[in-house]
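Colleague: Once you've had a glance at the structure underneath, I'll fire off some questions.
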Amino acid sequence: MSPADHSPPSPSAPSTGLHRQTLTVEPDWAAPVARGPLDATVVLPGSKSLTNRYLVLAALASDRSRLRAPLRSRDTLLMADALRSLGVRIDDVTADGDTADSAVPDWVVTPPERLRGDVSVDCGLAGTVMRFLPPVAALADGPVRLDGDPQARVRPMRPVIEALRALGVAVDDDDGHLPLTVSGRGQVRGGTVTLDASASSQFISALLLAGARYGEGLTVHHAGEPVPSEPHILMTVETLRDAGAIVDDSEPNTWRVEPSEINALDVTVEPDLSNAGPFVAAALVAGGTVRVPGWPQHTTQAGDLLREILDTMGADVRLDRTGLTVTGSGELVGIDIDLHDAAELTPTVAALAALASTPTWIRGVAHIRGHETDRLAALTAELGGLGSGVTETADGLRISPARLHGGRFRSYHDHRMATAGAIIGLRVPGVEVEDITTTRKTLPDFVGLWQGMLDSSAQAVLPR
Ligand SMILES: O=C(O)C1=C[C@@H](OP(=O)(O)O)[C@@H](O)[C@H](O)C1
Ligand SMILES: C=C(OP(=O)(O)O)C(=O)O
């Protein structure tokens, strides 16, 4: 992997403000109904999970990195800003050969000699920012204060806080939640920690990402109910290996990262497959075809499970070198599925299930009560509010076929709730989604992409 070349920052470098939480009250968004079968190609921006891992690794690396096609959404801009306040330089650089206007700029990341302390960081509502940064902050020269949106202050943080304390890092917290202050001392000795990561895989990813830079490296043991979202831990392990770190994940529930330098990265970020979910789901709901170029043939993204889910629910799903093609007839059936490994797909699958002709049972996702909102309660309330036969269980949802009607679909500051409302609205007239701009958490322009999908399909069927 070669260090990135150093082109001058592009004029588009200043922040877009996309990541500042808006305080204005937005009118509800009238979800468009599909007027016929779809025929669309949807180009999705980069993966949130990969972009934020690469940013952290690049910040800890021994040389300058280049991230090509990174996601620029609220969660990743917050990560970039947080790392900038720690002294990392992150410049927008247009991809070779492209003009500043046409290209999504790459990020060139220049790590500082030492991470700066005595700074404050806004985590927004981003799990990856609030969990990944404390172990990095422990390496800074002074205190790092972390806070976020009001809803962020109830998301679980205790396991990562206590793991840092066990490693000798002082952390001041609010009873296991944000706001918190990590007292960085410039270095961490490392060693072995045991934690319960049943509430989020992100606790383990967080410790591993910084662990290679701890004096003795880090061994992380999980003890408790099974860890959710395991593909995300594999993603962490693979990105660390891409950066030259030595990681042993051969034992269940134990991960060991050896102390080492982190090499500079030169990587192209894959499209975000979980964000692709509502778009490929649309082919099943409206009928017709949706194509997602660049869908990887091999990936650690949990969203790849969508291929199996959509196939089971009635779509024809084809993956080839150009990407993914999903074709539906407009008829869809329910599914019995344990989503423990791909929990972030729950809102999309639940929305599909509400439109299916046979029952669905989603299991294994109790921990999503600690996501952006309590997603099981929110989905029960909002799908139920549109007439769906939905019941909340201890660890999931049961959804029976029912005739849905229009109404308000609240989003709870949760991007995936908002997109679930959009999916239902494709078929059910009169669905009004509250706060559609909350989708900016992981997609800078959901409405534009969604409308573009419908408009290009309409053009495809209209006579010219
Ligand atoms: O590490 C990551 O990038 C993520 C891990 C998962 O979190 P949980 O383990 O809390 O489900 C996932 O749901 C989230 O969207 C992103
Ligand atoms: C759970 C999610 O996000 P976060 O990274 O904030 O945990 C999600 O995007 O579905």
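For the structure tokens, the naming scheme is as follows: chains receive sequential letters (A, B, ...) according to their order of presentation, residues are indexed from 1 within each chain, and ligands are indexed from 1 in presentation order.
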Compute the set of protein, DNA and RNA residues whose minimum atom distance to ligand 2 is at most 8 Å, using only C-alpha atoms and all ligand atoms, and state it as a list in words.

Modeller: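 Here is the list of contacting residues: Lys48, Ser49, Asp75, Leu125, Ala126, Gly127, Thr128, Val129, Gln202, Ser274, Ala343, Glu344, Leu345, Ile368, His371, Glu372, His415, Arg416, Lys441 and Thr442 of chain A.
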
Colleague: Next, write the just-selected residues to a file, as a short mmCIF file (atom, residue, chain, number, x, y, z; two decimals), in the first residue's frame, keeping N, CA and C atoms as the atom set.

Modeller:
data_model
loop_
_atom_site.label_atom_id
_atom_site.label_comp_id
_atom_site.auth_asym_id
_atom_site.auth_seq_id
_atom_site.Cartn_x
_atom_site.Cartn_y
_atom_site.Cartn_z
N LYS A 48 -20.67 3.77 5.29
CA LYS A 48 -20.40 4.48 6.55
C LYS A 48 -19.38 3.72 7.39
N SER A 49 -19.62 2.42 7.54
CA SER A 49 -18.79 1.63 8.45
C SER A 49 -17.35 1.56 7.94
N ASP A 75 -22.56 11.20 9.75
CA ASP A 75 -21.71 10.37 10.61
C ASP A 75 -20.23 10.43 10.24
N LEU A 125 -25.18 11.49 16.58
CA LEU A 125 -25.87 10.27 17.02
C LEU A 125 -25.14 9.05 16.46
N ALA A 126 -23.88 9.25 16.10
CA ALA A 126 -23.13 8.20 15.40
C ALA A 126 -22.51 7.21 16.38
N GLY A 127 -22.99 5.97 16.34
CA GLY A 127 -22.40 4.92 17.18
C GLY A 127 -20.92 4.75 16.88
N THR A 128 -20.56 4.82 15.60
CA THR A 128 -19.15 4.62 15.25
C THR A 128 -18.27 5.74 15.80
N VAL A 129 -18.80 6.94 15.90
CA VAL A 129 -17.97 8.04 16.43
C VAL A 129 -17.88 7.92 17.96
N GLN A 202 -19.75 -2.69 18.32
CA GLN A 202 -18.87 -1.53 18.17
C GLN A 202 -17.88 -1.38 19.32
N SER A 274 -26.05 -1.45 3.23
CA SER A 274 -27.23 -1.27 4.08
C SER A 274 -28.05 -0.08 3.60
N ALA A 343 -28.26 -6.62 12.05
CA ALA A 343 -29.38 -5.98 12.75
C ALA A 343 -29.78 -4.65 12.14
N GLU A 344 -28.84 -3.96 11.51
CA GLU A 344 -29.17 -2.64 10.95
C GLU A 344 -30.12 -2.75 9.76
N LEU A 345 -30.36 -3.98 9.27
CA LEU A 345 -31.32 -4.16 8.17
C LEU A 345 -32.76 -4.27 8.67
N ILE A 368 -31.20 -3.80 19.22
CA ILE A 368 -31.47 -2.58 18.43
C ILE A 368 -32.37 -1.61 19.19
N HIS A 371 -30.11 1.25 19.41
CA HIS A 371 -29.63 1.94 18.20
C HIS A 371 -30.07 3.41 18.25
N GLU A 372 -30.23 4.05 17.11
CA GLU A 372 -30.55 5.48 17.09
C GLU A 372 -31.77 5.79 17.95
N HIS A 415 -32.43 7.53 10.76
CA HIS A 415 -32.41 7.48 9.29
C HIS A 415 -33.11 6.25 8.74
N ARG A 416 -32.95 5.12 9.42
CA ARG A 416 -33.54 3.89 8.86
C ARG A 416 -35.05 3.81 9.14
N LYS A 441 -27.85 11.28 8.07
CA LYS A 441 -26.89 10.58 8.97
C LYS A 441 -25.96 9.69 8.15
N THR A 442 -26.52 8.99 7.17
CA THR A 442 -25.67 8.11 6.37
C THR A 442 -25.84 8.28 4.86
#

Colleague: Within 6 Å of range 185-193 of chain A, counting only C-alpha atoms, which residues show up once you throw out same-chain ones fewer than 6 positions away? Write them as an MDAnalysis selection string, please.

Modeller: chainID A and resid 139:142 163 214:220

Colleague: From the set A:Asp414, A:Asp320, A:Glu113, A:Glu331, which residue has the shortest atom-to-atom contact distance to ligand 1, counting only C-alpha atoms and all ligand atoms?

Modeller: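 Checking each candidate against ligand 1, we get A:Asp414 as the closest.
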
Colleague: Return as a short mmCIF file (atom, residue, chain, number, x, y, z; two decimals) with N, CA and C atoms, in the first residue's frame every polymer residue, whether protein, DNA or RNA, with at least one atom no more than 10 Å from an atom of ligand 1; count only C-alpha atoms and all ligand atoms.

Modeller:
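Dumped to part-v7.cif:
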data_model
loop_
_atom_site.label_atom_id
_atom_site.label_comp_id
_atom_site.auth_asym_id
_atom_site.auth_seq_id
_atom_site.Cartn_x
_atom_site.Cartn_y
_atom_site.Cartn_z
N SER A 47 -19.64 3.28 1.97
CA SER A 47 -20.09 2.68 3.23
C SER A 47 -19.69 3.54 4.44
N LYS A 48 -20.67 3.77 5.29
CA LYS A 48 -20.40 4.48 6.55
C LYS A 48 -19.38 3.72 7.39
N SER A 49 -19.62 2.42 7.54
CA SER A 49 -18.79 1.63 8.45
C SER A 49 -17.35 1.56 7.94
N LEU A 50 -17.18 1.40 6.63
CA LEU A 50 -15.81 1.36 6.09
C LEU A 50 -15.17 2.75 6.16
N THR A 51 -15.91 3.79 5.79
CA THR A 51 -15.31 5.14 5.79
C THR A 51 -14.81 5.48 7.19
N ASN A 52 -15.63 5.22 8.22
CA ASN A 52 -15.20 5.63 9.56
C ASN A 52 -14.07 4.76 10.11
N ARG A 53 -14.02 3.50 9.70
CA ARG A 53 -12.86 2.67 10.10
C ARG A 53 -11.59 3.18 9.41
N ALA A 126 -23.88 9.25 16.10
CA ALA A 126 -23.13 8.20 15.40
C ALA A 126 -22.51 7.21 16.38
N GLY A 127 -22.99 5.97 16.34
CA GLY A 127 -22.40 4.92 17.18
C GLY A 127 -20.92 4.75 16.88
N THR A 128 -20.56 4.82 15.60
CA THR A 128 -19.15 4.62 15.25
C THR A 128 -18.27 5.74 15.80
N VAL A 129 -18.80 6.94 15.90
CA VAL A 129 -17.97 8.04 16.43
C VAL A 129 -17.88 7.92 17.96
N ARG A 131 -18.30 5.38 19.90
CA ARG A 131 -17.58 4.18 20.40
C ARG A 131 -16.13 4.12 19.92
N PHE A 132 -15.87 4.50 18.66
CA PHE A 132 -14.50 4.33 18.13
C PHE A 132 -13.53 5.37 18.71
N ARG A 155 -27.43 6.04 24.49
CA ARG A 155 -26.89 4.85 23.83
C ARG A 155 -25.80 4.23 24.72
N PRO A 156 -25.75 2.89 24.79
CA PRO A 156 -24.81 2.24 25.72
C PRO A 156 -23.34 2.52 25.39
N ALA A 197 -20.00 -7.44 25.19
CA ALA A 197 -20.33 -6.67 23.97
C ALA A 197 -21.67 -7.11 23.40
N SER A 198 -22.56 -7.64 24.26
CA SER A 198 -23.85 -8.10 23.71
C SER A 198 -24.74 -6.92 23.32
N ALA A 199 -24.43 -5.72 23.79
CA ALA A 199 -25.25 -4.56 23.41
C ALA A 199 -24.77 -3.92 22.11
N SER A 200 -23.53 -4.17 21.72
CA SER A 200 -23.04 -3.61 20.45
C SER A 200 -21.67 -4.20 20.10
N SER A 201 -21.55 -4.62 18.85
CA SER A 201 -20.24 -5.07 18.35
C SER A 201 -19.24 -3.92 18.31
N GLN A 202 -19.75 -2.69 18.32
CA GLN A 202 -18.87 -1.53 18.17
C GLN A 202 -17.88 -1.38 19.32
N PHE A 203 -18.21 -1.96 20.51
CA PHE A 203 -17.27 -1.87 21.63
C PHE A 203 -15.98 -2.62 21.28
N ILE A 204 -16.14 -3.77 20.65
CA ILE A 204 -14.97 -4.58 20.30
C ILE A 204 -14.20 -3.92 19.16
N SER A 205 -14.94 -3.49 18.14
CA SER A 205 -14.27 -2.82 17.00
C SER A 205 -13.47 -1.62 17.49
N ALA A 206 -14.06 -0.85 18.39
CA ALA A 206 -13.43 0.37 18.89
C ALA A 206 -12.06 0.06 19.51
N VAL A 227 -22.40 -11.77 20.74
CA VAL A 227 -22.15 -10.43 20.19
C VAL A 227 -22.99 -10.26 18.92
N PRO A 228 -23.71 -9.14 18.79
CA PRO A 228 -24.48 -8.92 17.57
C PRO A 228 -23.58 -8.39 16.45
N SER A 229 -24.13 -8.34 15.26
CA SER A 229 -23.48 -7.67 14.12
C SER A 229 -22.03 -8.12 13.92
N GLU A 230 -21.79 -9.45 14.04
CA GLU A 230 -20.41 -9.94 13.96
C GLU A 230 -19.68 -9.60 12.66
N PRO A 231 -20.38 -9.53 11.50
CA PRO A 231 -19.64 -9.15 10.29
C PRO A 231 -18.91 -7.81 10.46
N HIS A 232 -19.45 -6.94 11.31
CA HIS A 232 -18.77 -5.66 11.52
C HIS A 232 -17.45 -5.84 12.26
N ILE A 233 -17.35 -6.87 13.08
CA ILE A 233 -16.06 -7.12 13.75
C ILE A 233 -15.07 -7.67 12.73
N LEU A 234 -15.57 -8.54 11.86
CA LEU A 234 -14.69 -9.05 10.79
C LEU A 234 -14.23 -7.89 9.90
N MET A 235 -15.13 -6.94 9.65
CA MET A 235 -14.74 -5.77 8.86
C MET A 235 -13.59 -5.03 9.55
N THR A 236 -13.68 -4.90 10.88
CA THR A 236 -12.61 -4.24 11.64
C THR A 236 -11.30 -5.01 11.49
N SER A 274 -26.05 -1.45 3.23
CA SER A 274 -27.23 -1.27 4.08
C SER A 274 -28.05 -0.08 3.60
N GLN A 301 -19.37 -6.32 4.55
CA GLN A 301 -20.55 -5.53 4.93
C GLN A 301 -21.74 -6.44 5.24
N ALA A 302 -22.37 -6.18 6.37
CA ALA A 302 -23.53 -6.99 6.78
C ALA A 302 -24.67 -6.86 5.77
N GLY A 303 -24.73 -5.73 5.09
CA GLY A 303 -25.82 -5.48 4.14
C GLY A 303 -25.84 -6.46 2.98
N HIS A 340 -29.65 -11.19 13.81
CA HIS A 340 -28.64 -10.85 14.81
C HIS A 340 -27.34 -10.35 14.17
N ASP A 341 -26.97 -10.95 13.04
CA ASP A 341 -25.71 -10.57 12.40
C ASP A 341 -25.84 -9.33 11.52
N ALA A 342 -27.05 -8.97 11.17
CA ALA A 342 -27.23 -7.83 10.25
C ALA A 342 -28.37 -6.97 10.77
N ALA A 343 -28.26 -6.62 12.05
CA ALA A 343 -29.38 -5.98 12.75
C ALA A 343 -29.78 -4.65 12.14
N GLU A 344 -28.84 -3.96 11.51
CA GLU A 344 -29.17 -2.64 10.95
C GLU A 344 -30.12 -2.75 9.76
N LEU A 345 -30.36 -3.98 9.27
CA LEU A 345 -31.32 -4.16 8.17
C LEU A 345 -32.76 -4.27 8.67
N THR A 346 -32.95 -4.34 9.99
CA THR A 346 -34.29 -4.60 10.52
C THR A 346 -35.36 -3.63 10.01
N VAL A 365 -32.75 -9.58 17.54
CA VAL A 365 -32.30 -8.18 17.44
C VAL A 365 -32.70 -7.34 18.66
N ALA A 366 -32.69 -7.97 19.84
CA ALA A 366 -33.06 -7.21 21.04
C ALA A 366 -32.20 -5.96 21.19
N HIS A 367 -30.93 -6.05 20.79
CA HIS A 367 -30.02 -4.92 21.06
C HIS A 367 -30.32 -3.68 20.24
N ILE A 368 -31.20 -3.80 19.22
CA ILE A 368 -31.47 -2.58 18.43
C ILE A 368 -32.37 -1.61 19.19
N ARG A 369 -32.79 -2.01 20.40
CA ARG A 369 -33.43 -1.02 21.27
C ARG A 369 -32.43 0.08 21.65
N GLY A 370 -31.14 -0.20 21.49
CA GLY A 370 -30.09 0.78 21.80
C GLY A 370 -29.49 1.41 20.55
N HIS A 371 -30.11 1.25 19.41
CA HIS A 371 -29.63 1.94 18.20
C HIS A 371 -30.07 3.41 18.25
N GLU A 372 -30.23 4.05 17.11
CA GLU A 372 -30.55 5.48 17.09
C GLU A 372 -31.77 5.79 17.95
N ARG A 416 -32.95 5.12 9.42
CA ARG A 416 -33.54 3.89 8.86
C ARG A 416 -35.05 3.81 9.14
N THR A 442 -26.52 8.99 7.17
CA THR A 442 -25.67 8.11 6.37
C THR A 442 -25.84 8.28 4.86
#

Colleague: Might you pull out every residue within 10 Å of Val390 in chain A, with only C-alpha atoms counted and same-chain residues fewer than 4 positions away left off, and present them as a list in words?

Modeller: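 With the cut-off at 10 Å, the set is Ala350, Ala353, Ala354, Pro359, Thr360, Trp361, Leu379, Thr380, Ala381, Glu382, Leu383, Gly384, Gly385, Leu397, Arg398, Ile399, Ser400, Pro401 and Ala402 of chain A.
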
Colleague: Please provide as a list of chain:residue names all residues within 6 Å of range 312-317 of chain A, with the sequence filter that same-chain residues fewer than 6 positions apart are discarded (counting only C-alpha atoms).

Modeller: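 With the cut-off at 6 Å, the set is A:Thr325, A:Val326, A:Thr327, A:Gly328, A:Leu332, A:Val333, A:Gly334.
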
Colleague: Please report, as a PDB file with N, CA and C atoms, in the first residue's frame, each residue of range 31-109 of chain A to which DSSP assigns alpha helix (DSSP H) when run on this structure's backbone.

Modeller:
ATOM      1  N   LYS A  48     -20.670   3.766   5.294  1.00  0.00           N
ATOM      2  CA  LYS A  48     -20.405   4.482   6.547  1.00  0.00           C
ATOM      3  C   LYS A  48     -19.385   3.717   7.387  1.00  0.00           C
ATOM      4  N   SER A  49     -19.624   2.424   7.544  1.00  0.00           N
ATOM      5  CA  SER A  49     -18.788   1.628   8.446  1.00  0.00           C
ATOM      6  C   SER A  49     -17.352   1.561   7.940  1.00  0.00           C
ATOM      7  N   LEU A  50     -17.182   1.400   6.627  1.00  0.00           N
ATOM      8  CA  LEU A  50     -15.815   1.363   6.087  1.00  0.00           C
ATOM      9  C   LEU A  50     -15.174   2.745   6.162  1.00  0.00           C
ATOM     10  N   THR A  51     -15.909   3.788   5.790  1.00  0.00           N
ATOM     11  CA  THR A  51     -15.313   5.139   5.795  1.00  0.00           C
ATOM     12  C   THR A  51     -14.811   5.483   7.195  1.00  0.00           C
ATOM     13  N   ASN A  52     -15.634   5.221   8.218  1.00  0.00           N
ATOM     14  CA  ASN A  52     -15.201   5.632   9.561  1.00  0.00           C
ATOM     15  C   ASN A  52     -14.073   4.758  10.111  1.00  0.00           C
ATOM     16  N   ARG A  53     -14.022   3.498   9.704  1.00  0.00           N
ATOM     17  CA  ARG A  53     -12.860   2.675  10.103  1.00  0.00           C
ATOM     18  C   ARG A  53     -11.586   3.185   9.413  1.00  0.00           C
ATOM     19  N   TYR A  54     -11.692   3.443   8.111  1.00  0.00           N
ATOM     20  CA  TYR A  54     -10.502   3.922   7.388  1.00  0.00           C
ATOM     21  C   TYR A  54     -10.036   5.267   7.950  1.00  0.00           C
ATOM     22  N   LEU A  55     -10.979   6.136   8.298  1.00  0.00           N
ATOM     23  CA  LEU A  55     -10.574   7.437   8.861  1.00  0.00           C
ATOM     24  C   LEU A  55      -9.785   7.245  10.154  1.00  0.00           C
ATOM     25  N   VAL A  56     -10.287   6.368  11.021  1.00  0.00           N
ATOM     26  CA  VAL A  56      -9.597   6.149  12.304  1.00  0.00           C
ATOM     27  C   VAL A  56      -8.215   5.550  12.064  1.00  0.00           C
ATOM     28  N   LEU A  57      -8.157   4.548  11.206  1.00  0.00           N
ATOM     29  CA  LEU A  57      -6.852   3.918  10.954  1.00  0.00           C
ATOM     30  C   LEU A  57      -5.885   4.907  10.311  1.00  0.00           C
ATOM     31  N   ALA A  58      -6.394   5.718   9.387  1.00  0.00           N
ATOM     32  CA  ALA A  58      -5.528   6.705   8.723  1.00  0.00           C
ATOM     33  C   ALA A  58      -5.015   7.730   9.734  1.00  0.00           C
ATOM     34  N   ALA A  59      -5.845   8.057  10.718  1.00  0.00           N
ATOM     35  CA  ALA A  59      -5.431   9.025  11.741  1.00  0.00           C
ATOM     36  C   ALA A  59      -4.328   8.454  12.628  1.00  0.00           C
ATOM     37  N   ARG A  74     -23.554  12.810   7.572  1.00  0.00           N
ATOM     38  CA  ARG A  74     -23.365  13.380   8.902  1.00  0.00           C
ATOM     39  C   ARG A  74     -22.387  12.536   9.737  1.00  0.00           C
ATOM     40  N   ASP A  75     -22.556  11.203   9.748  1.00  0.00           N
ATOM     41  CA  ASP A  75     -21.712  10.367  10.606  1.00  0.00           C
ATOM     42  C   ASP A  75     -20.233  10.430  10.244  1.00  0.00           C
ATOM     43  N   THR A  76     -19.943  10.513   8.951  1.00  0.00           N
ATOM     44  CA  THR A  76     -18.528  10.498   8.563  1.00  0.00           C
ATOM     45  C   THR A  76     -17.923  11.899   8.641  1.00  0.00           C
ATOM     46  N   LEU A  77     -18.744  12.940   8.418  1.00  0.00           N
ATOM     47  CA  LEU A  77     -18.224  14.305   8.576  1.00  0.00           C
ATOM     48  C   LEU A  77     -17.943  14.594  10.046  1.00  0.00           C
ATOM     49  N   LEU A  78     -18.780  14.020  10.921  1.00  0.00           N
ATOM     50  CA  LEU A  78     -18.511  14.187  12.358  1.00  0.00           C
ATOM     51  C   LEU A  78     -17.204  13.482  12.730  1.00  0.00           C
ATOM     52  N   MET A  79     -16.997  12.290  12.163  1.00  0.00           N
ATOM     53  CA  MET A  79     -15.737  11.583  12.459  1.00  0.00           C
ATOM     54  C   MET A  79     -14.555  12.397  11.956  1.00  0.00           C
ATOM     55  N   ALA A  80     -14.675  12.925  10.731  1.00  0.00           N
ATOM     56  CA  ALA A  80     -13.570  13.706  10.166  1.00  0.00           C
ATOM     57  C   ALA A  80     -13.305  14.939  11.031  1.00  0.00           C
ATOM     58  N   ASP A  81     -14.368  15.621  11.449  1.00  0.00           N
ATOM     59  CA  ASP A  81     -14.184  16.819  12.285  1.00  0.00           C
ATOM     60  C   ASP A  81     -13.551  16.469  13.627  1.00  0.00           C
ATOM     61  N   ALA A  82     -13.989  15.355  14.198  1.00  0.00           N
ATOM     62  CA  ALA A  82     -13.437  14.940  15.500  1.00  0.00           C
ATOM     63  C   ALA A  82     -11.937  14.681  15.362  1.00  0.00           C
ATOM     64  N   LEU A  83     -11.561  13.993  14.297  1.00  0.00           N
ATOM     65  CA  LEU A  83     -10.134  13.686  14.107  1.00  0.00           C
ATOM     66  C   LEU A  83      -9.348  14.958  13.815  1.00  0.00           C
ATOM     67  N   ARG A  84      -9.974  15.883  13.084  1.00  0.00           N
ATOM     68  CA  ARG A  84      -9.304  17.178  12.843  1.00  0.00           C
ATOM     69  C   ARG A  84      -9.032  17.867  14.173  1.00  0.00           C
ATOM     70  N   SER A  85      -9.999  17.820  15.099  1.00  0.00           N
ATOM     71  CA  SER A  85      -9.730  18.528  16.361  1.00  0.00           C
ATOM     72  C   SER A  85      -8.611  17.838  17.145  1.00  0.00           C
TER      73      SER A  85
END

Colleague: Kindly give the distance, in Å, that separates CA of Ile423 in chain A and CA of Thr393 in chain A, rounded to a single decimal.

Modeller: 22.8 Å

Colleague: Could you tell me how far CA of Ile309 in chain A sits from CA of Pro296 in chain A, in Å to one decimal place?

Modeller: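 Taking CA of Pro296 in chain A and CA of Ile309 in chain A, their separation equals 16.9 Å.
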
Colleague: What residues in range 252-418 of chain A get the DSSP label strand (DSSP E)? Please answer as a VMD selection string.

Modeller: chain A and resid 254 to 257 266 to 268 288 to 293 316 to 320 323 to 328 336 to 338 360 to 363 389 to 393 396 to 400 407 to 409

Colleague: Kindly save the residues from that selection, with C-alpha atoms included, as an mmCIF file, in the first residue's frame.

Modeller:
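Done, and the output landed in result33.cif:
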data_model
loop_
_atom_site.group_PDB
_atom_site.id
_atom_site.type_symbol
_atom_site.label_atom_id
_atom_site.label_comp_id
_atom_site.auth_asym_id
_atom_site.auth_seq_id
_atom_site.Cartn_x
_atom_site.Cartn_y
_atom_site.Cartn_z
ATOM 1 C CA THR A 254 -11.422 -13.408 21.571
ATOM 2 C CA TRP A 255 -9.497 -10.993 19.389
ATOM 3 C CA ARG A 256 -5.815 -10.127 19.654
ATOM 4 C CA VAL A 257 -4.149 -7.238 17.863
ATOM 5 C CA ASP A 266 -4.834 3.817 -0.294
ATOM 6 C CA VAL A 267 -8.338 2.433 -0.509
ATOM 7 C CA THR A 268 -11.563 2.804 -2.466
ATOM 8 C CA GLY A 288 -39.534 -3.927 -11.951
ATOM 9 C CA THR A 289 -35.773 -3.721 -11.710
ATOM 10 C CA VAL A 290 -33.296 -1.762 -9.611
ATOM 11 C CA ARG A 291 -29.575 -2.039 -10.297
ATOM 12 C CA VAL A 292 -26.809 -1.050 -7.864
ATOM 13 C CA PRO A 293 -23.480 -0.715 -9.671
ATOM 14 C CA ASP A 316 -34.918 -12.340 -8.594
ATOM 15 C CA VAL A 317 -31.438 -11.304 -7.432
ATOM 16 C CA ARG A 318 -28.359 -11.371 -9.647
ATOM 17 C CA LEU A 319 -24.814 -10.366 -8.726
ATOM 18 C CA ASP A 320 -22.196 -10.025 -11.424
ATOM 19 C CA GLY A 323 -23.120 -4.976 -9.613
ATOM 20 C CA LEU A 324 -26.436 -6.178 -8.229
ATOM 21 C CA THR A 325 -29.701 -6.430 -10.176
ATOM 22 C CA VAL A 326 -32.927 -6.986 -8.249
ATOM 23 C CA THR A 327 -36.180 -7.671 -10.097
ATOM 24 C CA GLY A 328 -39.567 -8.017 -8.455
ATOM 25 C CA ASP A 336 -38.671 -15.981 9.158
ATOM 26 C CA ILE A 337 -35.229 -14.594 9.900
ATOM 27 C CA ASP A 338 -32.672 -14.134 12.651
ATOM 28 C CA THR A 360 -42.870 -12.459 8.993
ATOM 29 C CA TRP A 361 -40.909 -13.179 12.131
ATOM 30 C CA ILE A 362 -37.750 -11.152 12.774
ATOM 31 C CA ARG A 363 -35.669 -12.549 15.652
ATOM 32 C CA GLY A 389 -50.455 -6.317 12.170
ATOM 33 C CA VAL A 390 -47.172 -5.883 14.018
ATOM 34 C CA THR A 391 -46.295 -7.217 17.462
ATOM 35 C CA GLU A 392 -43.129 -6.500 19.390
ATOM 36 C CA THR A 393 -41.422 -9.536 20.958
ATOM 37 C CA GLY A 396 -37.804 -8.859 17.449
ATOM 38 C CA LEU A 397 -41.067 -8.364 15.596
ATOM 39 C CA ARG A 398 -43.911 -10.477 14.250
ATOM 40 C CA ILE A 399 -45.712 -8.930 11.318
ATOM 41 C CA SER A 400 -48.925 -10.338 9.817
ATOM 42 C CA GLY A 407 -50.752 8.470 7.784
ATOM 43 C CA ARG A 408 -47.828 10.101 9.528
ATOM 44 C CA PHE A 409 -44.691 7.977 9.919
#

Colleague: Could you check the closest approach to Pro429 in chain A for each of A:Leu404, A:Thr299, A:Ala245, A:Leu195 and tell me which residue wins, using only C-alpha atoms?

Modeller: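 Among the listed residues, the smallest separation from Pro429 in chain A belongs to A:Leu404.
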
Colleague: Could you check the closest approach to Asp374 in chain A for each of A:Asp395, A:Glu270, A:Pro179, A:Leu386 and tell me which residue wins, using only C-alpha atoms?

Modeller: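 Using only C-alpha atoms, Asp374 in chain A sits closest to A:Asp395.
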
Colleague: Taking only C-alpha atoms into account, which of A:Thr239, A:Gly406, A:Ser411, A:Gln451 comes nearest Pro347 in chain A?

Modeller: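 Among A:Thr239, A:Gly406, A:Ser411, A:Gln451, it is A:Ser411 that comes nearest to Pro347 in chain A.
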
Colleague: So which one's closest to Ala152 in chain A, A:Asp92, A:Asp122, A:Asp175, A:Asp435? Using only C-alpha atoms, please.

Modeller: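 Residue with the minimum atom-to-atom distance to Ala152 in chain A: A:Asp122.
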
Colleague: Identify, on the basis of only C-alpha atoms, every residue whose closest approach to Val42 in chain A does not exceed 12 Å; exclude the query and any residue fewer than 3 positions from it along the same chain; express the result as JSON, numbers by chain.

Modeller: {"A": [38, 39, 45, 271, 272, 273, 275, 276, 277, 278, 279, 280, 282, 283, 289, 290, 291, 292, 293, 294, 295, 323, 324, 325, 326, 446, 448, 449, 450, 451, 452, 453, 454, 455, 456, 457]}

Colleague: Those residues you just picked out, can you put them in a file as a short mmCIF file (atom, residue, chain, number, x, y, z; two decimals), in the first residue's frame with C-alpha atoms?

Modeller:
data_model
loop_
_atom_site.label_atom_id
_atom_site.label_comp_id
_atom_site.auth_asym_id
_atom_site.auth_seq_id
_atom_site.Cartn_x
_atom_site.Cartn_y
_atom_site.Cartn_z
CA LEU A 38 -39.24 0.45 -11.70
CA ASP A 39 -36.36 0.45 -14.13
CA PRO A 45 -22.30 6.52 -1.95
CA PRO A 271 -20.88 1.42 -1.77
CA ASP A 272 -22.93 1.21 1.42
CA LEU A 273 -24.99 -1.97 1.09
CA ASN A 275 -28.08 2.11 2.58
CA ALA A 276 -28.82 0.29 -0.67
CA GLY A 277 -31.49 -1.66 1.23
CA PRO A 278 -34.48 0.64 0.67
CA PHE A 279 -33.62 1.01 -3.04
CA VAL A 280 -33.35 -2.68 -3.80
CA ALA A 282 -38.27 -0.88 -3.88
CA ALA A 283 -38.01 -3.34 -6.77
CA THR A 289 -35.77 -3.72 -11.71
CA VAL A 290 -33.30 -1.76 -9.61
CA ARG A 291 -29.57 -2.04 -10.30
CA VAL A 292 -26.81 -1.05 -7.86
CA PRO A 293 -23.48 -0.72 -9.67
CA GLY A 294 -20.33 -1.60 -7.77
CA TRP A 295 -21.96 -4.08 -5.38
CA GLY A 323 -23.12 -4.98 -9.61
CA LEU A 324 -26.44 -6.18 -8.23
CA THR A 325 -29.70 -6.43 -10.18
CA VAL A 326 -32.93 -6.99 -8.25
CA PHE A 446 -31.76 10.30 0.12
CA GLY A 448 -32.79 13.08 -4.53
CA LEU A 449 -31.76 9.45 -5.03
CA TRP A 450 -35.26 8.15 -4.26
CA GLN A 451 -36.97 10.62 -6.58
CA GLY A 452 -34.30 9.97 -9.22
CA MET A 453 -35.07 6.23 -9.03
CA LEU A 454 -38.77 6.92 -9.61
CA ASP A 455 -38.23 9.58 -12.29
CA SER A 456 -35.82 7.48 -14.35
CA SER A 457 -38.28 4.56 -14.15
#
